Amino acid sequence: MNIYFPKTVGGNAKTGLLTSTSSMDTCPDTCPLKGKGCYARFGNLARVWKNVSEGSYSIPFSEFLSKIKSLPPKSLWRHNQAGDLPGINLEIDNSILSQIVKANKGKRGFTYTHKPLTKTNIGYIRSAIEKGFTINISTETLSQVDSVKEMGLPVAVVLPKDTPLDGSIRKVNTPNGNSVLICPQQINPKTMNCANCGLCANSKRSYAIGFVAHGNARNMANAITKE
């Protein structure tokens, strides 16, 4: 497993944040987007992810932790624009995750995961969230949102590619009536980014965050949004 943290924020207009990347081997086989449906396999991010996975873009874990610790108090940062939580394939490596959580103390780090929600993994995720590191559970259907909401965990979901992004709607509802707020950056890409939004870092929010299928993999991502 390799982790990469750029020296500066760089040109990521979508996030506007210091954002890490983890190697492909952290992604679980249970992720329905793994392979051709993953947006991270296209564009400039694909090159970065490939280099991280092969080890040519990588920093020592101790340096990674130091970078997090050195961020100003209450700084917003994103773990993994590609890749998943520490641990090869299905399991979370809590010895590594707990060190990231500790380094994040006083900061506002957040991420997403497709790791399977086993009893052990859920325990690690809950502990991280309780200590201030927000882990959003990634889902693909509105009914899955309901299931995760019942667990009391923050959740994100892929929405169909034909979901309007003109501002005519800003949220949709799940079968059980839970609200899914469409990512503000997708509605207002010229004025919004993760740095001035921060909703995904709020583990106590009452609603899910919805990301409309986009990019070169949008057709494949769209297919898995169907109930």
# chains A, B, ... in the order shown; residues from 1 in each chain; ligands from 1

$ residues_around --residues "region 149-151 of chain A" --least-positions-apart "6" --cutoff "9 Å" --atoms "only C-alpha atoms" --output "number ranges by chain"
A: 178, 206-208

$ write_last_selection --atoms "N, CA and C atoms" --output "CSV table (one decimal), in the first residue's frame"
chain,number,residue,atom,x,y,z
A,178,ASN,N,-35.4,9.6,3.4
A,178,ASN,CA,-34.2,10.4,3.8
A,178,ASN,C,-33.8,11.3,2.6
A,206,SER,N,-27.7,15.4,8.7
A,206,SER,CA,-28.9,14.5,8.7
A,206,SER,C,-29.2,13.9,7.3
A,207,TYR,N,-28.5,14.4,6.3
A,207,TYR,CA,-28.7,14.0,4.9
A,207,TYR,C,-27.5,13.3,4.3
A,208,ALA,N,-27.8,12.6,3.2
A,208,ALA,CA,-26.7,12.0,2.4
A,208,ALA,C,-26.2,13.0,1.4

$ residues_around --residues "region 53-57 of chain A" --least-positions-apart "4" --cutoff "9 Å" --atoms "only C-alpha atoms" --output "list in words"
Met1, Asn2, Ile3, Tyr4, Phe5, Ser22, Ser23, Met24, Asp25, Val48 and Trp49 of chain A

$ select_by_dssp --residues "region 6-140 of chain A" --states "strand (DSSP E or B)" --output "PyMOL selection string"
chain A and resi 19+21-22+76-78+108-113+134-139

$ select_by_dssp --residues "chain A" --states "helix (DSSP H, G or I)" --output "number ranges by chain"
A: 24-26, 39-41, 43-54, 61-69, 94-103, 119-130, 142-151, 184-187, 194-196, 199-201, 218-223

$ write_last_selection --atoms "C-alpha atoms" --output "short mmCIF file (atom, residue, chain, number, x, y, z; two decimals), in the first residue's frame"
data_model
loop_
_atom_site.label_atom_id
_atom_site.label_comp_id
_atom_site.auth_asym_id
_atom_site.auth_seq_id
_atom_site.Cartn_x
_atom_site.Cartn_y
_atom_site.Cartn_z
CA MET A 24 -5.18 0.67 -6.09
CA ASP A 25 -4.62 -2.32 -3.82
CA THR A 26 -6.61 -0.58 -1.07
CA TYR A 39 -13.74 7.71 -12.49
CA ALA A 40 -10.17 7.65 -11.15
CA ARG A 41 -9.04 5.55 -14.11
CA GLY A 43 -7.75 11.81 -17.14
CA ASN A 44 -4.87 13.27 -15.14
CA LEU A 45 -5.96 11.45 -12.00
CA ALA A 46 -5.42 8.11 -13.75
CA ARG A 47 -1.75 8.98 -14.28
CA VAL A 48 -1.31 10.05 -10.67
CA TRP A 49 -3.07 6.94 -9.37
CA LYS A 50 -0.98 4.66 -11.56
CA ASN A 51 2.23 6.27 -10.33
CA VAL A 52 1.14 6.03 -6.70
CA SER A 53 0.17 2.39 -7.14
CA GLU A 54 3.52 1.56 -8.75
CA PHE A 61 4.02 7.09 6.03
CA SER A 62 5.71 9.09 8.79
CA GLU A 63 6.04 12.05 6.40
CA PHE A 64 2.38 11.70 5.43
CA LEU A 65 1.38 11.90 9.10
CA SER A 66 3.66 14.89 9.65
CA LYS A 67 1.99 16.76 6.78
CA ILE A 68 -1.42 16.21 8.36
CA LYS A 69 -0.20 17.30 11.80
CA ASN A 94 -6.76 -0.15 11.83
CA SER A 95 -3.16 0.18 12.96
CA ILE A 96 -2.61 2.57 10.05
CA LEU A 97 -6.06 4.17 10.13
CA SER A 98 -5.76 4.98 13.84
CA GLN A 99 -2.49 6.84 13.20
CA ILE A 100 -4.18 8.94 10.50
CA VAL A 101 -7.05 9.66 12.87
CA LYS A 102 -4.62 10.69 15.61
CA ALA A 103 -2.70 12.97 13.22
CA LYS A 119 -18.76 -5.88 12.07
CA THR A 120 -15.03 -5.30 12.41
CA ASN A 121 -14.83 -2.64 9.69
CA ILE A 122 -17.86 -0.81 11.09
CA GLY A 123 -16.19 -0.71 14.49
CA TYR A 124 -13.07 0.89 13.04
CA ILE A 125 -15.13 3.38 11.03
CA ARG A 126 -17.25 4.41 14.03
CA SER A 127 -14.16 4.90 16.17
CA ALA A 128 -12.54 7.13 13.54
CA ILE A 129 -15.68 9.24 13.17
CA GLU A 130 -16.05 9.64 16.92
CA LEU A 142 -31.08 5.21 -2.74
CA SER A 143 -32.19 2.07 -0.90
CA GLN A 144 -28.57 1.52 0.18
CA VAL A 145 -28.60 5.04 1.60
CA ASP A 146 -31.53 4.03 3.80
CA SER A 147 -29.64 0.98 5.06
CA VAL A 148 -26.56 3.02 5.99
CA LYS A 149 -28.66 5.76 7.59
CA GLU A 150 -30.16 3.13 9.87
CA MET A 151 -26.63 2.45 11.10
CA PRO A 184 -23.16 21.80 -4.42
CA GLN A 185 -19.97 21.79 -6.49
CA GLN A 186 -21.71 19.90 -9.29
CA ILE A 187 -24.53 22.46 -9.35
CA CYS A 194 -14.81 21.28 -1.46
CA ALA A 195 -12.81 23.97 0.31
CA ASN A 196 -15.74 26.37 0.56
CA LEU A 199 -20.46 19.24 3.89
CA CYS A 200 -18.77 15.87 3.42
CA ALA A 201 -16.63 16.55 6.49
CA ARG A 218 -20.51 7.98 -16.22
CA ASN A 219 -22.38 5.39 -18.30
CA MET A 220 -21.04 2.48 -16.29
CA ALA A 221 -21.52 4.36 -13.02
CA ASN A 222 -25.04 5.24 -14.11
CA ALA A 223 -25.91 1.59 -14.68
#

$ atom_distance --atom1 "CA of Ser75 (chain A)" --atom2 "CA of Thr134 (chain A)"
13.2 Å
